[in-house]
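Below is coords-v5.pdb, holding PDB, C-alpha atoms.
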```
MODEL        1
ATOM      1  CA  MET A   1      38.028  43.069 -10.392
ATOM      2  CA  ALA A   2      39.899  44.921 -13.119
ATOM      3  CA  ARG A   3      41.938  46.763 -10.477
ATOM      4  CA  GLN A   4      42.842  43.486  -8.761
ATOM      5  CA  LEU A   5      43.849  41.908 -12.051
ATOM      6  CA  ARG A   6      45.964  44.958 -12.902
ATOM      7  CA  GLU A   7      47.660  44.729  -9.501
ATOM      8  CA  VAL A   8      48.444  41.015  -9.947
ATOM      9  CA  GLN A   9      49.798  41.670 -13.435
ATOM     10  CA  SER A  10      51.955  44.561 -12.224
ATOM     11  CA  HIS A  11      53.508  42.382  -9.505
ATOM     12  CA  MET A  12      54.155  39.499 -11.876
ATOM     13  CA  ARG A  13      55.573  41.543 -14.746
ATOM     14  CA  LEU A  14      59.199  41.013 -13.677
ATOM     15  CA  ARG A  15      58.797  37.259 -14.178
ATOM     16  CA  VAL A  16      56.017  37.058 -16.758
ATOM     17  CA  ALA A  17      55.701  38.951 -20.025
ATOM     18  CA  ALA A  18      51.931  38.935 -20.307
ATOM     19  CA  ASP A  19      49.099  41.418 -20.381
ATOM     20  CA  LYS A  20      46.059  41.333 -18.103
ATOM     21  CA  THR A  21      44.033  39.171 -20.462
ATOM     22  CA  GLU A  22      46.753  36.554 -20.704
ATOM     23  CA  ILE A  23      47.196  36.581 -16.928
ATOM     24  CA  ARG A  24      43.471  36.034 -16.512
ATOM     25  CA  LEU A  25      43.139  33.302 -19.134
ATOM     26  CA  SER A  26      46.436  31.421 -18.833
ATOM     27  CA  TYR A  27      48.247  32.102 -15.587
ATOM     28  CA  LEU A  28      45.419  32.253 -13.040
ATOM     29  CA  PRO A  29      44.005  28.803 -13.883
ATOM     30  CA  ALA A  30      47.502  27.312 -13.637
ATOM     31  CA  MET A  31      48.815  29.212 -10.619
ATOM     32  CA  VAL A  32      45.852  29.140  -8.236
ATOM     33  CA  PRO A  33      46.020  25.358  -7.777
ATOM     34  CA  GLU A  34      49.795  25.608  -7.248
ATOM     35  CA  LEU A  35      49.287  28.322  -4.646
ATOM     36  CA  THR A  36      46.558  26.443  -2.765
ATOM     37  CA  ARG A  37      47.179  22.687  -3.185
ATOM     38  CA  PRO A  38      50.069  22.568  -0.655
ATOM     39  CA  LEU A  39      47.834  24.248   1.936
ATOM     40  CA  ILE A  40      45.050  21.723   1.319
ATOM     41  CA  THR A  41      47.166  18.573   1.206
ATOM     42  CA  GLN A  42      50.042  19.352   3.598
ATOM     43  CA  GLY A  43      48.357  21.857   5.893
ATOM     44  CA  ALA A  44      50.755  24.115   7.778
ATOM     45  CA  ASN A  45      53.745  22.239   6.310
ATOM     46  CA  GLY A  46      52.858  23.530   2.832
ATOM     47  CA  ILE A  47      53.061  27.197   3.801
ATOM     48  CA  ALA A  48      56.774  27.462   2.942
ATOM     49  CA  ASP A  49      56.149  26.126  -0.596
ATOM     50  CA  VAL A  50      53.356  28.605  -1.232
ATOM     51  CA  VAL A  51      55.341  31.547   0.156
ATOM     52  CA  SER A  52      58.404  30.661  -1.935
ATOM     53  CA  MET A  53      56.279  30.546  -5.105
ATOM     54  CA  MET A  54      54.683  33.870  -4.209
ATOM     55  CA  ASP A  55      58.133  35.380  -3.614
ATOM     56  CA  HIS A  56      59.326  34.049  -6.962
ATOM     57  CA  TYR A  57      56.541  35.928  -8.759
ATOM     58  CA  TYR A  58      56.665  38.976  -6.406
ATOM     59  CA  LEU A  59      53.113  38.331  -5.227
ATOM     60  CA  THR A  60      51.755  39.679  -1.950
ATOM     61  CA  LYS A  61      49.102  38.238   0.324
ATOM     62  CA  ASP A  62      46.635  40.684  -1.238
ATOM     63  CA  CYS A  63      47.536  39.311  -4.677
ATOM     64  CA  TRP A  64      46.969  35.768  -3.383
ATOM     65  CA  ASP A  65      43.498  36.770  -2.180
ATOM     66  CA  ALA A  66      42.768  38.566  -5.464
ATOM     67  CA  MET A  67      43.853  35.562  -7.517
ATOM     68  CA  LEU A  68      41.502  33.311  -5.562
ATOM     69  CA  GLU A  69      38.690  35.793  -6.042
ATOM     70  CA  LEU A  70      39.360  36.038  -9.783
ATOM     71  CA  HIS A  71      39.606  32.257 -10.249
ATOM     72  CA  LEU A  72      36.396  30.536 -11.316
ATOM     73  CA  GLU A  73      36.526  27.983  -8.504
ATOM     74  CA  GLY A  74      38.231  30.240  -5.963
ATOM     75  CA  ASP A  75      35.411  30.087  -3.413
ATOM     76  CA  SER A  76      35.301  26.309  -3.385
ATOM     77  CA  ILE A  77      39.104  26.108  -3.130
ATOM     78  CA  LEU A  78      39.082  28.506  -0.170
ATOM     79  CA  LYS A  79      36.498  26.329   1.602
ATOM     80  CA  GLU A  80      38.828  23.323   1.284
ATOM     81  CA  ILE A  81      41.643  25.071   3.168
ATOM     82  CA  PRO A  82      41.188  24.692   6.948
ATOM     83  CA  THR A  83      40.714  27.945   8.842
ATOM     84  CA  ALA A  84      43.691  27.256  11.118
ATOM     85  CA  VAL A  85      45.946  26.793   8.076
ATOM     86  CA  LYS A  86      44.688  30.007   6.492
ATOM     87  CA  SER A  87      45.369  32.011   9.647
ATOM     88  CA  SER A  88      48.822  30.461  10.154
ATOM     89  CA  PHE A  89      49.590  31.153   6.463
ATOM     90  CA  THR A  90      48.700  34.810   6.997
ATOM     91  CA  ARG A  91      50.836  34.999  10.169
ATOM     92  CA  GLU A  92      53.822  33.311   8.519
ATOM     93  CA  TYR A  93      53.591  35.525   5.455
ATOM     94  CA  LYS A  94      53.446  38.717   7.512
ATOM     95  CA  LYS A  95      56.293  37.550   9.733
ATOM     96  CA  GLY A  96      58.807  37.127   6.914
ATOM     97  CA  SER A  97      60.384  39.598   4.538
ATOM     98  CA  HIS A  98      59.605  39.280   0.858
ATOM     99  CA  PRO A  99      61.057  40.686  -2.359
ATOM    100  CA  ILE A 100      59.266  43.768  -3.622
ATOM    101  CA  ALA A 101      58.969  44.500  -7.329
ATOM    102  CA  PHE A 102      58.129  48.152  -6.664
ATOM    103  CA  GLN A 103      57.282  50.386  -3.736
ATOM    104  CA  GLU A 104      53.572  51.061  -3.342
ATOM    105  CA  HIS A 105      52.415  54.642  -2.900
ATOM    106  CA  GLY A 106      50.941  54.218   0.556
ATOM    107  CA  LYS A 107      54.179  52.786   1.941
ATOM    108  CA  LEU A 108      56.448  55.612   0.771
ATOM    109  CA  ALA A 109      56.324  57.810   3.847
ATOM    110  CA  PRO A 110      58.345  55.544   6.171
ATOM    111  CA  ALA A 111      60.850  54.869   3.411
ATOM    112  CA  LYS A 112      61.284  58.595   2.772
ATOM    113  CA  ALA A 113      61.746  59.258   6.479
ATOM    114  CA  THR A 114      64.494  56.653   6.815
ATOM    115  CA  ALA A 115      66.140  57.788   3.579
ATOM    116  CA  ALA A 116      66.076  61.399   4.755
ATOM    117  CA  ALA A 117      67.626  60.407   8.078
ATOM    118  CA  ALA A 118      70.383  58.462   6.306
ATOM    119  CA  ALA A 119      71.055  61.359   3.935
ATOM    120  CA  ALA A 120      71.210  63.800   6.844
ATOM    121  CA  ALA A 121      73.734  61.597   8.598
ATOM    122  CA  MET A 122      75.925  61.523   5.484
ATOM    123  CA  ARG A 123      75.614  65.242   4.672
ATOM    124  CA  PRO A 124      78.072  67.590   6.436
ATOM    125  CA  ASP A 125      76.582  70.136   8.777
ATOM    126  CA  ILE A 126      76.391  73.387   6.812
ATOM    127  CA  ASP A 127      75.990  75.494   9.951
ATOM    128  CA  GLU A 128      79.422  74.378  11.138
ATOM    129  CA  ALA A 129      80.964  75.284   7.782
ATOM    130  CA  ILE A 130      79.368  78.742   7.871
ATOM    131  CA  GLU A 131      80.546  79.317  11.447
ATOM    132  CA  GLU A 132      84.105  78.355  10.463
ATOM    133  CA  ASP A 133      84.004  80.757   7.500
ATOM    134  CA  PHE A 134      82.603  83.507   9.745
ATOM    135  CA  ASP A 135      85.324  82.929  12.342
ATOM    136  CA  GLU A 136      88.016  83.137   9.649
ATOM    137  CA  ALA A 137      86.474  86.324   8.228
ATOM    138  CA  THR A 138      86.388  88.052  11.630
ATOM    139  CA  GLU A 139      89.978  87.074  12.284
ATOM    140  CA  THR A 140      91.111  88.613   8.971
ATOM    141  CA  SER A 141      89.086  91.803   9.531
ATOM    142  CA  ASP A 142      90.588  92.210  13.000
ATOM    143  CA  GLU A 143      94.059  91.775  11.543
ATOM    144  CA  THR A 144      93.514  94.406   8.825
ATOM    145  CA  GLY A 145      92.080  96.903  11.287
ATOM    146  CA  ALA A 146      88.730  97.371   9.533
ATOM    147  CA  ASP A 147      86.271  99.648  11.302
ATOM    148  CA  ASP A 148      82.937  98.411  12.587
ATOM    149  CA  ASP A 149      81.133 101.278  10.787
ATOM    150  CA  ASP A 150      81.172 100.227   7.158
ATOM    151  CA  ALA A 151      80.033 102.834   4.634
ATOM    152  CA  LEU A 152      78.123 100.258   2.582
ATOM    153  CA  VAL A 153      76.135  98.875   5.500
ATOM    154  CA  LYS A 154      73.040 100.857   6.420
ATOM    155  CA  PRO A 155      71.991 100.856  10.068
ATOM    156  CA  VAL A 156      68.567  99.335  10.749
ATOM    157  CA  LYS A 157      65.960 101.674  12.224
ATOM    158  CA  SER A 158      64.170 100.474  15.283
ATOM    159  CA  ALA A 159      60.429  99.798  15.136
ATOM    160  CA  ALA A 160      59.627 102.853  17.293
ATOM    161  CA  LYS A 161      61.494 105.204  14.983
ATOM    162  CA  ARG A 162      59.780 103.789  11.906
ATOM    163  CA  ALA A 163      56.337 104.146  13.490
ATOM    164  CA  GLY A 164      57.066 107.765  14.501
ATOM    165  CA  SER A 165      58.243 108.717  11.023
ATOM    166  CA  LYS A 166      55.081 107.334   9.444
ATOM    167  CA  ALA A 167      52.811 109.215  11.846
ATOM    168  CA  GLY A 168      54.326 112.604  10.936
ATOM    169  CA  LYS A 169      53.757 112.219   7.171
ATOM    170  CA  PRO A 170      50.489 113.442   5.675
ATOM    171  CA  LYS A 171      48.397 110.768   4.038
ATOM    172  CA  SER A 172      47.924 111.090   0.312
ATOM    173  CA  ASP A 173      44.766 110.211  -1.516
ATOM    174  CA  GLY A 174      44.501 107.162  -3.773
ATOM    175  CA  ALA A 175      44.377 109.253  -6.964
ATOM    176  CA  THR A 176      47.966 110.481  -6.610
ATOM    177  CA  GLN A 177      49.159 106.984  -5.894
ATOM    178  CA  ARG A 178      47.393 105.715  -9.017
ATOM    179  CA  LYS A 179      48.990 108.447 -11.094
ATOM    180  CA  ARG A 180      52.388 107.475  -9.787
ATOM    181  CA  ARG A 181      51.805 103.870 -10.707
ATOM    182  CA  LYS A 182      50.841 104.704 -14.293
ATOM    183  CA  VAL A 183      53.962 106.777 -14.901
TER     184      VAL A 183
ENDMDL
END
```

If you took the structure in this file and wrote it as structure tokens, what would it be?
Amino acid sequence: MARQLREVQSHMRLRVAADKTEIRLSYLPAMVPELTRPLITQGANGIADVVSMMDHYYLTKDCWDAMLELHLEGDSILKEIPTAVKSSFTREYKKGSHPIAFQEHGKLAPAKATAAAAAAAMRPDIDEAIEEDFDEATETSDETGADDDDALVKPVKSAAKRAGSKAGKPKSDGATQRKRRKV
């Protein structure tokens, strides 16, 4: 119950400057009837009023359920709402888009994926820039007549040569290697 109250308070904090205790004592008794009376009296026609009030306070359907659970008479109020109205309220709420006060942790992955795709579309391709620089560098080296054998570049030994050179060397014991490390 404390977690649910904290969640309701965190959603409402953009509209209401109140702590959890004040939400529990002042806002829940006043808001639960306002969030349920249109569903009881008007049926499916009252769904728009309830959703607009929830959007005003940045409440989700989970917050609506939590508020009814936290309210003293929440069970009796829920029994007054017809089942068909409750299910159509849930469908209508899920169908629409609603303002979000903050992004919940579990819903971050899709947002990150779309943000990464948008950023990748905006970012220039670095491989193309490197290829252009490489092409320009080869053109200038061809023009200056530079040799392919550069004195600063060491040729890479093939794997067979490296394996043969290791086989011909005598193995040293661990004591000499330890002495070398200490020095």

Check your understanding: What is the CA of Tyr57 in chain A-CA of Thr41 in chain A distance in Å, reported with one decimal?
Key ->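 We find that CA of Tyr57 in chain A and CA of Thr41 in chain A lie 22.1 Å from each other.
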
**Study point:** Two-atom distance - CA of Gly96 in chain A, CA of Met12 in chain A (Å)
**Key:**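 Interatomic distance, CA of Gly96 in chain A to CA of Met12 in chain A: 19.5 Å.
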
Which residues, written as a tab-separated table (two decimals) with C-alpha atoms, in the coordinates of the input, have at least one atom at most 12 Å from Leu72 in chain A, with only C-alpha atoms counted and residues fewer than 5 positions away on the same chain left out?
```
chain	number	residue	atom	x	y	z
A	24	ARG	CA	43.47	36.03	-16.51
A	25	LEU	CA	43.14	33.30	-19.13
A	28	LEU	CA	45.42	32.25	-13.04
A	29	PRO	CA	44.00	28.80	-13.88
A	30	ALA	CA	47.50	27.31	-13.64
A	32	VAL	CA	45.85	29.14	-8.24
A	33	PRO	CA	46.02	25.36	-7.78
A	66	ALA	CA	42.77	38.57	-5.46
A	67	MET	CA	43.85	35.56	-7.52
A	77	ILE	CA	39.10	26.11	-3.13
A	78	LEU	CA	39.08	28.51	-0.17
```

Exercise for review: Apply the PyMOL selection byres ((chain A and resi 50) around 10) to the file shown and report the selected residues as a ChimeraX atom specification.
Suggested key: /A:34-39,45-49,51-56,64,89,93

Review point. What is the CA of Glu69 in chain A to CA of Ala2 in chain A distance in Å?
Key: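 So the two atoms, CA of Glu69 in chain A and CA of Ala2 in chain A, lie 11.6 Å apart.
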
Practice item. Considering only C-alpha atoms, return as an MDAnalysis selection string whatever protein or nucleic-acid residues lie within 12 Å of Val16 in chain A, sequence-local ones (same chain, fewer than 3 positions apart) excluded. Key: chainID A and resid 8:13 19:20 22:23 26:27 56:59

I'd like the box whose edges run along x, y and z of the file and which contains every listed atom of range 74-93 of chain A, padded by 6 Å per side; could you state its centre and edge lengths in Å, one decimal, as lines of an AutoDock Vina configuration file?
```
center_x = 44.6
center_y = 29.4
center_z = 2.6
size_x = 30.5
size_y = 24.2
size_z = 29.1
```

Study note, to complete from the structure: For Ser97 in chain A, the closest of A:Leu152, A:Arg15, A:Thr60, A:Ile40 counting only C-alpha atoms is A:Thr60

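Comparing the minimum interatomic distances between Ser87 in chain A and each of A:Ala44, A:Met1, A:Cys63, A:Leu70, counting all atoms listed in the file, we find that A:Ala44 sits nearest.
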